[in-house]
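Data file: structure_26.cif. Format and content: mmCIF, C-alpha atoms.
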data_run
#
loop_
_atom_site.group_PDB
_atom_site.id
_atom_site.type_symbol
_atom_site.label_atom_id
_atom_site.label_comp_id
_atom_site.auth_asym_id
_atom_site.auth_seq_id
_atom_site.Cartn_x
_atom_site.Cartn_y
_atom_site.Cartn_z
ATOM 1 C CA MET A 254 -20.803 -26.819 -9.764
ATOM 2 C CA THR A 255 -18.977 -30.062 -10.459
ATOM 3 C CA ASP A 256 -16.294 -31.556 -8.225
ATOM 4 C CA GLN A 257 -13.714 -30.463 -10.784
ATOM 5 C CA ASP A 258 -14.996 -26.857 -10.652
ATOM 6 C CA ALA A 259 -14.910 -26.892 -6.854
ATOM 7 C CA LEU A 260 -11.298 -28.061 -6.873
ATOM 8 C CA LEU A 261 -10.442 -25.271 -9.326
ATOM 9 C CA VAL A 262 -11.975 -22.631 -7.068
ATOM 10 C CA LYS A 263 -10.147 -23.998 -4.022
ATOM 11 C CA ASP A 264 -6.830 -24.098 -5.872
ATOM 12 C CA VAL A 265 -7.090 -20.547 -7.217
ATOM 13 C CA MET A 266 -8.148 -19.208 -3.814
ATOM 14 C CA LYS A 267 -5.079 -20.782 -2.261
ATOM 15 C CA ARG A 268 -2.790 -19.339 -4.918
ATOM 16 C CA ALA A 269 -4.398 -15.895 -4.542
ATOM 17 C CA ALA A 270 -3.875 -15.943 -0.782
ATOM 18 C CA ASP A 271 -0.289 -17.171 -1.148
ATOM 19 C CA ALA A 272 0.431 -14.365 -3.615
ATOM 20 C CA LEU A 273 -0.418 -11.792 -0.954
ATOM 21 C CA GLY A 274 2.617 -12.905 1.019
ATOM 22 C CA PRO A 275 3.084 -12.438 4.748
ATOM 23 C CA LEU A 276 1.796 -9.276 6.367
ATOM 24 C CA PRO A 277 4.615 -6.704 6.528
ATOM 25 C CA ASP A 278 6.006 -5.627 9.865
ATOM 26 C CA LEU A 279 4.357 -2.522 11.249
ATOM 27 C CA VAL A 280 6.338 0.326 12.701
ATOM 28 C CA PRO A 281 5.705 0.629 16.431
ATOM 29 C CA GLY A 282 3.747 3.848 16.094
ATOM 30 C CA ALA A 283 1.266 2.293 13.685
ATOM 31 C CA VAL A 284 0.520 -0.923 15.564
ATOM 32 C CA ALA A 285 -2.737 0.359 17.045
ATOM 33 C CA ARG A 286 -4.269 1.125 13.655
ATOM 34 C CA GLY A 287 -2.429 -1.292 11.416
ATOM 35 C CA GLY A 288 -3.361 -4.826 12.377
ATOM 36 C CA ARG A 289 -7.098 -4.628 12.067
ATOM 37 C CA ARG A 290 -7.073 -2.544 8.897
ATOM 38 C CA ARG A 291 -4.458 -4.677 7.140
ATOM 39 C CA ALA A 292 -6.460 -7.757 8.058
ATOM 40 C CA ARG A 293 -9.552 -6.204 6.490
ATOM 41 C CA THR A 294 -7.563 -5.374 3.343
ATOM 42 C CA ARG A 295 -6.184 -8.914 3.156
ATOM 43 C CA LEU A 296 -9.657 -10.377 3.577
ATOM 44 C CA ALA A 297 -11.053 -8.093 0.873
ATOM 45 C CA LEU A 298 -8.302 -9.029 -1.577
ATOM 46 C CA THR A 299 -8.818 -12.743 -0.988
ATOM 47 C CA ALA A 300 -12.585 -12.360 -1.264
ATOM 48 C CA GLY A 301 -12.146 -10.417 -4.486
ATOM 49 C CA ALA A 302 -10.002 -13.157 -5.966
ATOM 50 C CA PHE A 303 -12.559 -15.747 -4.927
ATOM 51 C CA GLY A 304 -15.393 -13.701 -6.447
ATOM 52 C CA ALA A 305 -13.614 -13.362 -9.775
ATOM 53 C CA VAL A 306 -12.843 -17.088 -9.929
ATOM 54 C CA ALA A 307 -16.334 -18.111 -8.854
ATOM 55 C CA LEU A 308 -17.928 -15.883 -11.484
ATOM 56 C CA GLY A 309 -15.642 -17.357 -14.123
ATOM 57 C CA VAL A 310 -16.427 -20.934 -13.125
ATOM 58 C CA LEU A 311 -20.166 -20.326 -12.873
ATOM 59 C CA GLY A 312 -20.169 -18.441 -16.145
ATOM 60 C CA ALA A 313 -18.335 -21.255 -17.889
ATOM 61 C CA ALA A 314 -20.762 -23.772 -16.420
ATOM 62 C CA ALA A 315 -23.710 -21.766 -17.659
ATOM 63 C CA LEU A 316 -22.302 -21.401 -21.162
ATOM 64 C CA SER A 317 -21.613 -25.135 -21.325
ATOM 65 C CA GLY A 318 -25.052 -26.000 -20.046
ATOM 66 C CA GLY A 319 -23.795 -27.229 -16.656
ATOM 67 C CA GLY A 320 -25.228 -26.272 -13.283
ATOM 68 C CA SER A 321 -28.805 -25.864 -12.228
ATOM 69 C CA GLY A 322 -29.126 -22.063 -12.514
ATOM 70 C CA ARG A 323 -29.860 -19.919 -15.556
ATOM 71 C CA ALA A 324 -27.111 -17.971 -17.297
ATOM 72 C CA PRO A 325 -27.120 -14.241 -16.411
ATOM 73 C CA ALA A 326 -28.789 -11.963 -18.919
ATOM 74 C CA SER A 327 -25.678 -9.820 -19.255
ATOM 75 C CA GLY A 328 -21.955 -10.516 -18.803
ATOM 76 C CA THR A 329 -20.935 -6.892 -18.173
ATOM 77 C CA GLY A 330 -19.093 -7.654 -14.908
ATOM 78 C CA VAL A 331 -19.567 -7.036 -11.212
ATOM 79 C CA ALA A 332 -20.607 -3.602 -9.916
ATOM 80 C CA ALA A 333 -17.860 -1.705 -8.095
ATOM 81 C CA ALA A 334 -18.119 -1.526 -4.322
ATOM 82 C CA PRO A 335 -19.467 1.819 -3.090
ATOM 83 C CA ALA A 336 -17.009 4.207 -1.435
ATOM 84 C CA PRO A 337 -17.175 4.273 2.362
ATOM 85 C CA TYR A 338 -19.650 6.913 3.560
ATOM 86 C CA ARG A 339 -19.342 8.645 6.915
ATOM 87 C CA THR A 340 -22.549 10.228 8.190
ATOM 88 C CA PRO A 341 -21.693 13.842 9.121
ATOM 89 C CA VAL A 342 -21.907 14.938 12.744
ATOM 90 C CA HIS A 343 -23.929 18.035 13.588
ATOM 91 C CA VAL A 344 -22.122 20.371 15.946
ATOM 92 C CA GLU A 345 -23.830 23.642 16.807
ATOM 93 C CA PRO A 346 -21.345 26.556 16.620
ATOM 94 C CA SER A 347 -20.739 28.415 19.855
ATOM 95 C CA PRO A 348 -22.398 31.843 20.142
ATOM 96 C CA GLY A 349 -20.331 34.354 18.196
ATOM 97 C CA GLU A 350 -18.037 31.655 16.757
ATOM 98 C CA LYS A 351 -16.801 32.368 13.241
ATOM 99 C CA VAL A 352 -17.006 29.115 11.313
ATOM 100 C CA GLU A 353 -14.045 28.660 8.988
ATOM 101 C CA GLY A 354 -14.770 26.882 5.733
ATOM 102 C CA GLY A 355 -18.511 27.015 6.346
ATOM 103 C CA LEU A 356 -20.739 24.957 4.061
ATOM 104 C CA THR A 357 -23.963 26.925 4.406
ATOM 105 C CA GLY A 358 -24.927 29.414 1.722
ATOM 106 C CA LEU A 359 -22.625 27.938 -0.925
ATOM 107 C CA PRO A 360 -23.735 27.203 -4.501
ATOM 108 C CA ALA A 361 -24.974 23.627 -4.789
ATOM 109 C CA GLY A 362 -22.063 22.473 -6.933
ATOM 110 C CA GLU A 363 -19.399 23.905 -4.634
ATOM 111 C CA ARG A 364 -21.068 22.512 -1.531
ATOM 112 C CA GLN A 365 -21.197 19.070 -3.132
ATOM 113 C CA ARG A 366 -17.491 19.312 -4.010
ATOM 114 C CA LEU A 367 -16.580 20.179 -0.430
ATOM 115 C CA GLU A 368 -18.820 17.465 1.020
ATOM 116 C CA ASP A 369 -17.189 14.931 -1.304
ATOM 117 C CA PHE A 370 -13.804 16.205 -0.138
ATOM 118 C CA GLN A 371 -14.883 15.735 3.472
ATOM 119 C CA GLN A 372 -15.810 12.126 2.807
ATOM 120 C CA ARG A 373 -12.386 11.391 1.292
ATOM 121 C CA ALA A 374 -10.669 13.262 4.112
ATOM 122 C CA ALA A 375 -12.634 11.455 6.849
ATOM 123 C CA VAL A 376 -11.721 8.039 5.456
ATOM 124 C CA ALA A 377 -8.043 9.034 5.109
ATOM 125 C CA LEU A 378 -7.935 10.526 8.622
ATOM 126 C CA ASP A 379 -9.495 7.358 9.987
ATOM 127 C CA GLU A 380 -6.761 5.360 8.294
ATOM 128 C CA ALA A 381 -4.023 7.674 9.582
ATOM 129 C CA LEU A 382 -5.149 7.921 13.212
ATOM 130 C CA PRO A 383 -5.042 5.070 15.739
ATOM 131 C CA ASP A 384 -8.229 3.249 16.681
ATOM 132 C CA THR A 385 -8.181 4.997 20.066
ATOM 133 C CA VAL A 386 -9.488 8.128 18.311
ATOM 134 C CA GLY A 387 -12.506 6.196 17.063
ATOM 135 C CA THR A 388 -14.230 6.301 13.684
ATOM 136 C CA VAL A 389 -13.665 9.717 12.131
ATOM 137 C CA ARG A 390 -16.675 11.523 10.656
ATOM 138 C CA PRO A 391 -16.999 14.971 9.073
ATOM 139 C CA VAL A 392 -18.716 17.829 10.896
ATOM 140 C CA ASP A 393 -21.621 19.099 8.801
ATOM 141 C CA SER A 394 -20.994 22.824 9.246
ATOM 142 C CA THR A 395 -17.388 23.197 8.053
ATOM 143 C CA VAL A 396 -14.945 21.522 5.703
ATOM 144 C CA ALA A 397 -12.144 22.007 8.247
ATOM 145 C CA ARG A 398 -13.497 19.958 11.146
ATOM 146 C CA TYR A 399 -14.023 16.270 11.854
ATOM 147 C CA GLN A 400 -14.849 14.199 14.910
ATOM 148 C CA GLY A 401 -13.800 10.877 16.370
ATOM 149 C CA GLU A 402 -15.561 9.060 19.194
ATOM 150 C CA ALA A 403 -14.270 6.130 21.230
ATOM 151 C CA ASP A 404 -15.269 4.737 24.632
ATOM 152 C CA GLY A 405 -17.652 7.635 25.192
ATOM 153 C CA ASN A 406 -14.960 10.255 24.547
ATOM 154 C CA VAL A 407 -15.272 12.760 21.704
ATOM 155 C CA PHE A 408 -12.190 14.144 19.972
ATOM 156 C CA THR A 409 -12.341 17.048 17.524
ATOM 157 C CA VAL A 410 -9.981 16.687 14.570
ATOM 158 C CA THR A 411 -9.048 19.855 12.691
ATOM 159 C CA PHE A 412 -7.743 19.298 9.153
ATOM 160 C CA THR A 413 -6.873 22.358 7.105
ATOM 161 C CA VAL A 414 -5.094 22.744 3.772
ATOM 162 C CA ARG A 415 -4.932 26.407 2.806
ATOM 163 C CA PRO A 416 -2.998 28.479 0.269
ATOM 164 C CA ALA A 417 0.238 29.704 1.838
ATOM 165 C CA ASP A 418 0.315 33.360 2.845
ATOM 166 C CA GLY A 419 4.055 33.777 2.442
ATOM 167 C CA ARG A 420 4.760 34.112 6.146
ATOM 168 C CA ALA A 421 7.409 32.082 7.904
ATOM 169 C CA ALA A 422 6.161 29.111 9.938
ATOM 170 C CA GLU A 423 5.973 29.469 13.691
ATOM 171 C CA ALA A 424 9.190 28.411 15.397
ATOM 172 C CA CYS A 425 9.270 24.843 16.648
ATOM 173 C CA ARG A 426 10.236 25.116 20.310
ATOM 174 C CA ASP A 427 9.421 23.676 23.694
ATOM 175 C CA VAL A 428 7.517 25.766 26.235
ATOM 176 C CA PRO A 429 7.664 23.741 29.474
ATOM 177 C CA GLU A 430 5.435 26.087 31.493
ATOM 178 C CA LYS A 431 2.658 25.521 28.943
ATOM 179 C CA ARG A 432 3.395 21.810 28.646
ATOM 180 C CA MET A 433 4.144 22.278 24.968
ATOM 181 C CA SER A 434 6.824 20.290 23.171
ATOM 182 C CA CYS A 435 7.757 20.447 19.501
ATOM 183 C CA VAL A 436 9.952 18.268 17.314
ATOM 184 C CA LYS A 437 10.800 18.369 13.627
ATOM 185 C CA ALA A 438 10.831 15.291 11.422
ATOM 186 C CA GLU A 439 10.904 14.470 7.736
ATOM 187 C CA LEU A 440 7.395 13.550 6.645
ATOM 188 C CA THR A 441 8.354 12.639 3.102
ATOM 189 C CA GLU A 442 11.162 13.626 0.778
ATOM 190 C CA GLY A 443 11.534 17.403 0.847
ATOM 191 C CA VAL A 444 8.725 17.917 3.377
ATOM 192 C CA GLU A 445 9.613 18.719 6.988
ATOM 193 C CA ALA A 446 6.876 18.456 9.592
ATOM 194 C CA ARG A 447 6.530 20.132 12.975
ATOM 195 C CA LEU A 448 4.917 17.902 15.585
ATOM 196 C CA ARG A 449 3.487 19.343 18.777
ATOM 197 C CA ARG A 450 2.015 18.051 21.997
ATOM 198 C CA ALA A 451 0.477 20.904 23.972
ATOM 199 C CA ALA A 452 -1.833 21.592 26.895
ATOM 200 C CA VAL A 453 -5.272 22.936 25.947
ATOM 201 C CA ASN A 454 -7.005 25.417 28.275
ATOM 202 C CA SER A 455 -5.607 23.558 31.288
ATOM 203 C CA LEU A 456 -2.512 21.552 32.095
ATOM 204 C CA ALA A 457 -4.651 18.435 32.503
ATOM 205 C CA THR A 458 -5.536 17.863 28.839
ATOM 206 C CA GLU A 459 -3.301 17.888 25.774
ATOM 207 C CA SER A 460 -3.669 17.994 21.999
ATOM 208 C CA THR A 461 -1.438 16.471 19.318
ATOM 209 C CA SER A 462 -0.758 18.161 15.999
ATOM 210 C CA ILE A 463 1.314 18.067 12.846
ATOM 211 C CA ALA A 464 1.942 21.046 10.578
ATOM 212 C CA PHE A 465 3.867 21.215 7.306
ATOM 213 C CA GLU A 466 4.088 22.911 3.925
ATOM 214 C CA PHE A 467 2.955 21.001 0.851
ATOM 215 C CA GLY A 468 3.111 22.457 -2.663
ATOM 216 C CA ASN A 469 1.662 25.942 -2.358
ATOM 217 C CA SER A 470 -0.233 25.243 0.844
ATOM 218 C CA THR A 471 0.163 24.993 4.595
ATOM 219 C CA VAL A 472 -1.329 21.948 6.284
ATOM 220 C CA LEU A 473 -2.481 21.368 9.846
ATOM 221 C CA ILE A 474 -3.890 18.232 11.454
ATOM 222 C CA ASN A 475 -4.770 18.697 15.108
ATOM 223 C CA VAL A 476 -6.423 16.167 17.431
ATOM 224 C CA SER A 477 -8.000 17.931 20.404
ATOM 225 C CA PRO A 478 -8.735 16.421 23.826
ATOM 226 C CA ASP A 479 -12.166 15.719 25.227
ATOM 227 C CA GLU A 480 -11.966 18.542 27.721
ATOM 228 C CA GLY A 481 -15.322 17.745 29.301
ATOM 229 C CA LYS A 482 -14.075 14.284 30.247
ATOM 230 C CA GLY A 483 -10.530 15.420 31.009
ATOM 231 C CA VAL A 484 -9.120 13.008 28.402
ATOM 232 C CA SER A 485 -6.117 14.070 26.312
ATOM 233 C CA ALA A 486 -5.863 13.337 22.596
ATOM 234 C CA PRO A 487 -5.153 9.569 22.451
ATOM 235 C CA VAL A 488 -2.451 9.796 19.811
ATOM 236 C CA THR A 489 1.268 10.450 20.185
ATOM 237 C CA VAL A 490 3.298 12.605 17.820
ATOM 238 C CA GLU A 491 5.060 9.462 16.610
ATOM 239 C CA GLN A 492 1.742 7.779 15.803
ATOM 240 C CA LEU A 493 0.514 10.887 14.001
ATOM 241 C CA LEU A 494 3.671 11.152 11.905
ATOM 242 C CA ASP A 495 3.641 7.451 10.987
ATOM 243 C CA GLY A 496 -0.087 7.562 10.265
ATOM 244 C CA VAL A 497 0.144 10.489 7.850
ATOM 245 C CA ARG A 498 3.106 8.830 6.122
ATOM 246 C CA GLY A 499 1.451 5.447 5.759
ATOM 247 C CA SER A 500 -2.098 6.439 4.798
ATOM 248 C CA GLY A 501 -3.746 8.038 1.782
ATOM 249 C CA LEU A 502 -3.951 11.394 3.538
ATOM 250 C CA LEU A 503 -1.241 13.048 1.445
ATOM 251 C CA ASP A 504 -3.295 12.312 -1.673
ATOM 252 C CA VAL A 505 -6.151 14.277 -0.097
ATOM 253 C CA VAL A 506 -3.706 17.072 0.776
ATOM 254 C CA ARG A 507 -2.466 17.104 -2.828
ATOM 255 C CA TYR A 508 -6.021 17.539 -4.121
ATOM 256 C CA ALA A 509 -6.699 20.425 -1.724
ATOM 257 C CA ASP A 510 -3.403 22.038 -2.724
ATOM 258 C CA GLU A 511 -4.371 21.919 -6.404
ATOM 259 C CA HIS A 512 -8.079 22.659 -5.818
ATOM 260 C CA PRO A 513 -8.280 24.846 -2.666
ATOM 261 C CA VAL A 514 -11.036 24.146 -0.155
ATOM 262 C CA LEU A 515 -10.099 27.021 2.199
ATOM 263 C CA GLN A 516 -9.013 30.623 1.752
ATOM 264 C CA LYS A 517 -5.753 32.188 2.838
ATOM 265 C CA GLN A 518 -5.492 33.212 6.461
ATOM 266 C CA ALA A 519 -3.134 35.726 8.048
ATOM 267 C CA SER A 520 -2.010 33.264 10.718
ATOM 268 C CA VAL A 521 -2.151 29.474 10.818
ATOM 269 C CA GLN A 522 -2.832 27.626 14.054
ATOM 270 C CA GLY A 523 0.011 25.306 14.987
ATOM 271 C CA GLY A 524 2.060 26.257 11.918
#
I need this file expressed as C-alpha cells, please.
Amino acid sequence: MTDQDALLVKDVMKRAADALGPLPDLVPGAVARGGRRRARTRLALTAGAFGAVALGVLGAAALSGGGSGRAPASGTGVAAAPAPYRTPVHVEPSPGEKVEGGLTGLPAGERQRLEDFQQRAAVALDEALPDTVGTVRPVDSTVARYQGEADGNVFTVTFTVRPADGRAAEACRDVPEKRMSCVKAELTEGVEARLRRAAVNSLATESTSIAFEFGNSTVLINVSPDEGKGVSAPVTVEQLLDGVRGSGLLDVVRYADEHPVLQKQASVQGG
C-alpha cells in the first residue's frame, strides 16, 4: 500500500466514525446494558467501514499492479459474519414435571425451527436484560425456558408467546402480604404491559416479569431468582420495560405470533 493509499484509508475511517455521531443518551433503566453493547456496535460499524475501504484500496492496487500480494481469485465480496450462537444449557426436569414446549420427540424440521427460534430469542433477551442477569442461553429441553448466569448466580428466564385463549388477563394489583406489586405501562403504541415484582416461594427472593398481549398472542417474560443462593432477580420492572422496548425482542415476539411455537393454555402465568 502506498502512502497515498494509507492516507485514503485513514481519511475514510475518520469520516465513517464521524458519521456515526455521538452516542445517544441512555434512559436510566437501560444504563446497565446499554454502554457496553452500544460500544460494541460502534466498534463493529467502524471496523466494517474500515474493512470495506481497505478491500477497495487493496483491490485497486492489485488491479493496477501495485502492492506485493497477488490479486484474489474472485471478487465476490466478503462473507457475512455468522449469527451469534448460544450453546444450550441442559437442565434435567424435576420428577413428575410437565415440560411445556418440549423439544424431544418432534419431527426433525420442527425441532430445527424451534431451536433456531431459541437462538434468536436468547440473543434478543440478552440484549433486553441488564448485564447483571448474565449471558442468556437457551435450555435444551424446552422452547419456553432460558438461563442467565452471573457472579455464580443462575437465573431462569421464562419467555412464552402463545395463542390467546380469549380469557381476560389477570388483574394488575398489589398484594402486600405476598410482596407482590404490579404496575401498568405502555410498552409500545396500542400495547399495554403489566409489570410485576413478586416473592417466589419465600419472602426473601423475588422475580420480575412483564406480560402483555401482542397480535393474537399473550406474552410473558419472567426472570426468576436464584433461590438456592437467596438472590432475587437482578432486574427492576423499569429495566425490563425499557429493555423490551429498546431491543429486538418484539421482532421475535412478532414471529412467534405469526408462526406459533407454543400451544394455547387455559391459564397464563403472570398474565
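Closest approach to Val505 in chain A among A:Ala381, A:Lys517, A:Val344, A:Asp404 is made by A:Ala381 (distances from only C-alpha atoms).
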* Asked: Rounded to one decimal in Å, what is the spacing between CA of Gly481 in chain A and CA of Glu402 in chain A?
  ->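 These atoms are spaced 13.3 Å apart.
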* Structure fact -> Expressed in Å, the length from CA of Pro478 in chain A to CA of Arg449 in chain A is 13.5 Å
* Asked: Between A:Val488, A:Val414, A:Ala397, A:Ala464, which one has atoms that come closest to Asp510 in chain A, using all atoms listed in the file?
  ->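 With all atoms listed in the file as the atom set, the closest residue is A:Val414.
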* Distance in Å - CA of Val407 in chain A versus CA of Ser485 in chain A -> 10.3 Å
* Structure fact -> Using all atoms listed in the file, the residue out of A:Gly496, A:Gly349, A:Gly355, A:Pro391 with shortest distance to Phe412 in chain A is A:Pro391
* To do: Show which residues sit within 9 Å of Phe370 in chain A, as JSON, numbers by chain. Count all atoms listed in the file, and ignore same-chain residues fewer than 2 positions away.
  => {"A": [365, 366, 367, 368, 372, 373, 374, 375, 396, 505, 508, 509, 514]}
For the structure provided, state which residues fall under the PyMOL selection byres ((chain A and resi 433) around 9), and present them as a PDB file with C-alpha atoms, keeping the file's coordinate frame.
ATOM      1  CA  ARG A 426      10.236  25.116  20.310  1.00  0.00           C
ATOM      2  CA  ASP A 427       9.421  23.676  23.694  1.00  0.00           C
ATOM      3  CA  VAL A 428       7.517  25.766  26.235  1.00  0.00           C
ATOM      4  CA  PRO A 429       7.664  23.741  29.474  1.00  0.00           C
ATOM      5  CA  GLU A 430       5.435  26.087  31.493  1.00  0.00           C
ATOM      6  CA  LYS A 431       2.658  25.521  28.943  1.00  0.00           C
ATOM      7  CA  ARG A 432       3.395  21.810  28.646  1.00  0.00           C
ATOM      8  CA  SER A 434       6.824  20.290  23.171  1.00  0.00           C
ATOM      9  CA  CYS A 435       7.757  20.447  19.501  1.00  0.00           C
ATOM     10  CA  ARG A 449       3.487  19.343  18.777  1.00  0.00           C
ATOM     11  CA  ARG A 450       2.015  18.051  21.997  1.00  0.00           C
ATOM     12  CA  ALA A 451       0.477  20.904  23.972  1.00  0.00           C
ATOM     13  CA  ALA A 452      -1.833  21.592  26.895  1.00  0.00           C
ATOM     14  CA  GLU A 459      -3.301  17.888  25.774  1.00  0.00           C
TER      15      GLU A 459
END
Tell me which residues the PyMOL selection byres ((chain A and resi 337) around 12) grabs here, as a PDB file with C-alpha atoms, keeping the file's coordinate frame.
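result02.pdb written:
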ATOM      1  CA  ALA A 334     -18.119  -1.526  -4.322  1.00  0.00           C
ATOM      2  CA  PRO A 335     -19.467   1.819  -3.090  1.00  0.00           C
ATOM      3  CA  ALA A 336     -17.009   4.207  -1.435  1.00  0.00           C
ATOM      4  CA  TYR A 338     -19.650   6.913   3.560  1.00  0.00           C
ATOM      5  CA  ARG A 339     -19.342   8.645   6.915  1.00  0.00           C
ATOM      6  CA  THR A 340     -22.549  10.228   8.190  1.00  0.00           C
ATOM      7  CA  ASP A 369     -17.189  14.931  -1.304  1.00  0.00           C
ATOM      8  CA  GLN A 371     -14.883  15.735   3.472  1.00  0.00           C
ATOM      9  CA  GLN A 372     -15.810  12.126   2.807  1.00  0.00           C
ATOM     10  CA  ARG A 373     -12.386  11.391   1.292  1.00  0.00           C
ATOM     11  CA  ALA A 374     -10.669  13.262   4.112  1.00  0.00           C
ATOM     12  CA  ALA A 375     -12.634  11.455   6.849  1.00  0.00           C
ATOM     13  CA  VAL A 376     -11.721   8.039   5.456  1.00  0.00           C
ATOM     14  CA  ALA A 377      -8.043   9.034   5.109  1.00  0.00           C
ATOM     15  CA  ASP A 379      -9.495   7.358   9.987  1.00  0.00           C
ATOM     16  CA  THR A 388     -14.230   6.301  13.684  1.00  0.00           C
ATOM     17  CA  VAL A 389     -13.665   9.717  12.131  1.00  0.00           C
ATOM     18  CA  ARG A 390     -16.675  11.523  10.656  1.00  0.00           C
TER      19      ARG A 390
END
* Residue with smallest distance to Ile474 in chain A - pool A:Arg420, A:Arg507, A:Arg398, A:Lys437, counting all atoms listed in the file -> A:Arg398
